[in-house]
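A quick write-up on the structure given underneath.
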Amino acid sequence: MQNFALVSGIEAPPSTRLFNLWIEQKIGGNVNLRLGQFSAAQEFLVSQTAALFVNATFGWPMLPAQNLPSGGPSYPEATPGLRVTLTPTDQLTLRAAIFNGDPAVPGPGNPVDRDPYGLAFRLRDPALLIAEFAYDWNQGTSSLQENPHQEGGGRPAARARTQELPGTAKLGAWLHTGQFADQRFDSLGGLLAVSGAPPLQHSGNFGLYGIIDQTLWRAPGNSPGEFSAFMRVVAAPADRNLIDIYLDAGMTYKGYSIRARTIPPASVWPTAASHHGPRHSTAMW
């Protein structure tokens, strides 16, 4: 479809492949370590409200998916990594991780075809480091939240119901230590579109992001019904990235229909921008 935002976040070519292979250890009551092969998208850049939508960008946003080597560590391409999570209070969560920076063998085409069985186990590529701070309010005991878009990510963390309207705010950043080609200039300072010369190379790449999830209305007592909203903003340098600004926002309602089945009506708006040409993507459901 030539679309930056893939239709499904759980789509992959038919194959038998390894995705998750890790060991996790809790240290004391506030520290959790994970070591092995997994993806950054399972725990980082996650909006629990956006997880209702099936489009891939509402799991692992299109900005890192287009800018990082092989799309970054997200389904179906996991990679070796180490993650530490610290929960000093029920409201605060700090998590950081280091991953091999390219989940698949470098080369053209679909990265899944370059590593068809998930057995590359690459360890010597430039590293990807990512860190995130999360603050919860009006919620029950904090627990690890994973992305249900990602295979093996489980369901959104269950929270004790409170009278107040719950919400979560997150701030995060990533740093990739590899080399990234300039999107406009060649190694001699000329325009790539004119010279056809090798592109100028930049050392490293990074991105910053913010996320907010907020319940706006909840049915009284234990009655079903909840209206929520979310917004995510992601930014990266324009000179070395295809997409430098990404924004999505949306609203969801969960409740019961006349036939007593849970219904999740929702609307959402993702958009991405590039300063290297008409590469804007907008959609609404």
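Identifiers for the structure tokens are assigned positionally: chains receive A, B, ... in sequence, residues are indexed from 1 per chain, and ligands are indexed from 1 in the order shown.
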
Which residues of region 34-139 of chain A come within 9 Å of region 235-252 of chain A, and what is each one's closest atom pair and distance in Å (one decimal), counting only C-alpha atoms, sorted by chain and residue number, as a Markdown table?
| residue | atom | partner | partner_atom | distance |
| --- | --- | --- | --- | --- |
| A:Thr49 | CA | A:Thr252 | CA | 7.2 |
| A:Ala50 | CA | A:Gly250 | CA | 7.3 |
| A:Leu52 | CA | A:Thr252 | CA | 8.1 |
| A:Thr57 | CA | A:Asp248 | CA | 8.8 |
| A:Phe58 | CA | A:Asp248 | CA | 8.0 |
| A:Pro61 | CA | A:Tyr246 | CA | 7.9 |
| A:Met62 | CA | A:Tyr246 | CA | 7.7 |
| A:Leu63 | CA | A:Ile243 | CA | 5.6 |
| A:Pro64 | CA | A:Ile243 | CA | 8.4 |
| A:Gln66 | CA | A:Leu242 | CA | 6.9 |
| A:Asn67 | CA | A:Asn241 | CA | 5.5 |
| A:Leu68 | CA | A:Asn241 | CA | 8.6 |

Hey, can you spit out that residue selection with C-alpha atoms as a tab-separated table (two decimals), in the first residue's frame?
chain	number	residue	atom	x	y	z
A	49	THR	CA	-5.63	4.01	25.22
A	50	ALA	CA	-4.11	3.87	21.73
A	52	LEU	CA	-7.34	-0.32	21.16
A	57	THR	CA	1.50	3.03	14.25
A	58	PHE	CA	-0.60	2.92	17.45
A	61	PRO	CA	4.87	4.71	15.97
A	62	MET	CA	5.82	5.21	12.35
A	63	LEU	CA	8.62	7.67	13.22
A	64	PRO	CA	10.97	5.14	14.85
A	66	GLN	CA	10.84	4.43	9.48
A	67	ASN	CA	13.96	6.02	10.96
A	68	LEU	CA	15.72	3.22	12.87

**OP:** With a distance cut-off of 10 Å and only C-alpha atoms, select the neighbouring residues of Thr85 (chain A), excluding the residue or stretch itself and same-chain residues fewer than 3 positions from it, and output the selection as number ranges by chain.
**Re:** A: 26, 30-34, 88, 93-97, 131-133, 144

Compile the contact shell of Asn110 (chain A) as a PDB file with N, CA, C and O atoms, in the first residue's frame: residues with an atom at most 12 Å away, counting only C-alpha atoms, same-chain residues fewer than 2 positions apart removed.
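Just written: selection36.pdb:
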ATOM      1  N   ALA A  12       2.920 -10.318   9.775  1.00  0.00           N
ATOM      2  CA  ALA A  12       4.254 -10.779   9.422  1.00  0.00           C
ATOM      3  C   ALA A  12       4.121 -11.875   8.368  1.00  0.00           C
ATOM      4  O   ALA A  12       3.080 -12.537   8.288  1.00  0.00           O
ATOM      5  N   PRO A  13       5.158 -12.089   7.535  1.00  0.00           N
ATOM      6  CA  PRO A  13       5.107 -13.178   6.557  1.00  0.00           C
ATOM      7  C   PRO A  13       4.979 -14.524   7.257  1.00  0.00           C
ATOM      8  O   PRO A  13       5.451 -14.705   8.388  1.00  0.00           O
ATOM      9  N   PRO A  69      17.262   1.512  12.021  1.00  0.00           N
ATOM     10  CA  PRO A  69      17.640   0.374  11.171  1.00  0.00           C
ATOM     11  C   PRO A  69      16.683  -0.800  11.334  1.00  0.00           C
ATOM     12  O   PRO A  69      16.343  -1.188  12.458  1.00  0.00           O
ATOM     13  N   SER A  70      16.227  -1.328  10.214  1.00  0.00           N
ATOM     14  CA  SER A  70      15.279  -2.449  10.188  1.00  0.00           C
ATOM     15  C   SER A  70      14.001  -2.158  10.963  1.00  0.00           C
ATOM     16  O   SER A  70      13.306  -3.074  11.403  1.00  0.00           O
ATOM     17  N   GLY A  71      13.666  -0.877  11.142  1.00  0.00           N
ATOM     18  CA  GLY A  71      12.449  -0.495  11.838  1.00  0.00           C
ATOM     19  C   GLY A  71      12.551  -0.482  13.339  1.00  0.00           C
ATOM     20  O   GLY A  71      11.572  -0.212  14.033  1.00  0.00           O
ATOM     21  N   PRO A  76       7.710  -7.943  13.928  1.00  0.00           N
ATOM     22  CA  PRO A  76       8.138  -9.268  14.402  1.00  0.00           C
ATOM     23  C   PRO A  76       9.651  -9.401  14.589  1.00  0.00           C
ATOM     24  O   PRO A  76      10.156 -10.515  14.654  1.00  0.00           O
ATOM     25  N   GLU A  77      10.375  -8.276  14.680  1.00  0.00           N
ATOM     26  CA  GLU A  77      11.828  -8.316  14.806  1.00  0.00           C
ATOM     27  C   GLU A  77      12.266  -7.921  16.214  1.00  0.00           C
ATOM     28  O   GLU A  77      12.391  -6.741  16.520  1.00  0.00           O
ATOM     29  N   PRO A 103      17.923  -5.090  14.424  1.00  0.00           N
ATOM     30  CA  PRO A 103      17.392  -6.418  14.714  1.00  0.00           C
ATOM     31  C   PRO A 103      17.674  -7.454  13.625  1.00  0.00           C
ATOM     32  O   PRO A 103      17.704  -8.653  13.905  1.00  0.00           O
ATOM     33  N   ALA A 104      17.844  -7.011  12.363  1.00  0.00           N
ATOM     34  CA  ALA A 104      18.038  -7.936  11.249  1.00  0.00           C
ATOM     35  C   ALA A 104      19.397  -7.697  10.597  1.00  0.00           C
ATOM     36  O   ALA A 104      20.089  -6.724  10.885  1.00  0.00           O
ATOM     37  N   VAL A 105      19.757  -8.602   9.718  1.00  0.00           N
ATOM     38  CA  VAL A 105      20.986  -8.444   8.949  1.00  0.00           C
ATOM     39  C   VAL A 105      20.848  -7.216   8.058  1.00  0.00           C
ATOM     40  O   VAL A 105      19.840  -7.061   7.364  1.00  0.00           O
ATOM     41  N   PRO A 106      21.820  -6.285   8.032  1.00  0.00           N
ATOM     42  CA  PRO A 106      21.706  -5.096   7.185  1.00  0.00           C
ATOM     43  C   PRO A 106      21.565  -5.465   5.708  1.00  0.00           C
ATOM     44  O   PRO A 106      22.119  -6.467   5.246  1.00  0.00           O
ATOM     45  N   GLY A 107      20.809  -4.663   4.990  1.00  0.00           N
ATOM     46  CA  GLY A 107      20.612  -4.911   3.566  1.00  0.00           C
ATOM     47  C   GLY A 107      19.298  -4.348   3.090  1.00  0.00           C
ATOM     48  O   GLY A 107      18.506  -3.814   3.878  1.00  0.00           O
ATOM     49  N   PRO A 108      19.024  -4.454   1.786  1.00  0.00           N
ATOM     50  CA  PRO A 108      17.778  -3.912   1.220  1.00  0.00           C
ATOM     51  C   PRO A 108      16.592  -4.832   1.482  1.00  0.00           C
ATOM     52  O   PRO A 108      16.743  -5.988   1.882  1.00  0.00           O
ATOM     53  N   VAL A 112      12.352  -8.649   7.746  1.00  0.00           N
ATOM     54  CA  VAL A 112      11.883  -9.970   8.149  1.00  0.00           C
ATOM     55  C   VAL A 112      12.403 -11.036   7.203  1.00  0.00           C
ATOM     56  O   VAL A 112      12.708 -12.164   7.606  1.00  0.00           O
ATOM     57  N   ASP A 113      12.553 -10.687   5.911  1.00  0.00           N
ATOM     58  CA  ASP A 113      13.106 -11.641   4.949  1.00  0.00           C
ATOM     59  C   ASP A 113      14.603 -11.848   5.163  1.00  0.00           C
ATOM     60  O   ASP A 113      15.146 -12.897   4.816  1.00  0.00           O
ATOM     61  N   ARG A 114      15.278 -10.849   5.738  1.00  0.00           N
ATOM     62  CA  ARG A 114      16.714 -10.988   5.994  1.00  0.00           C
ATOM     63  C   ARG A 114      16.989 -11.799   7.257  1.00  0.00           C
ATOM     64  O   ARG A 114      18.103 -12.269   7.458  1.00  0.00           O
ATOM     65  N   ASP A 115      15.988 -11.934   8.112  1.00  0.00           N
ATOM     66  CA  ASP A 115      16.108 -12.747   9.331  1.00  0.00           C
ATOM     67  C   ASP A 115      14.802 -13.527   9.483  1.00  0.00           C
ATOM     68  O   ASP A 115      13.988 -13.243  10.356  1.00  0.00           O
ATOM     69  N   PRO A 116      14.576 -14.516   8.610  1.00  0.00           N
ATOM     70  CA  PRO A 116      13.250 -15.143   8.527  1.00  0.00           C
ATOM     71  C   PRO A 116      12.851 -15.966   9.740  1.00  0.00           C
ATOM     72  O   PRO A 116      11.665 -16.238   9.937  1.00  0.00           O
TER      73      PRO A 116
END

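The nearest approach to Ser47 (chain A) among the residues A:Leu86, A:Ala169, A:Leu200, A:Ala219, with only C-alpha atoms taken into account, belongs to A:Ala169.
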
Original post:
Could you work out how far CA of Tyr117 (chain A) lies from CA of Phe53 (chain A), giving the answer in Å with one decimal?
Top reply: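 Distance reported for this atom pair: 27.3 Å.
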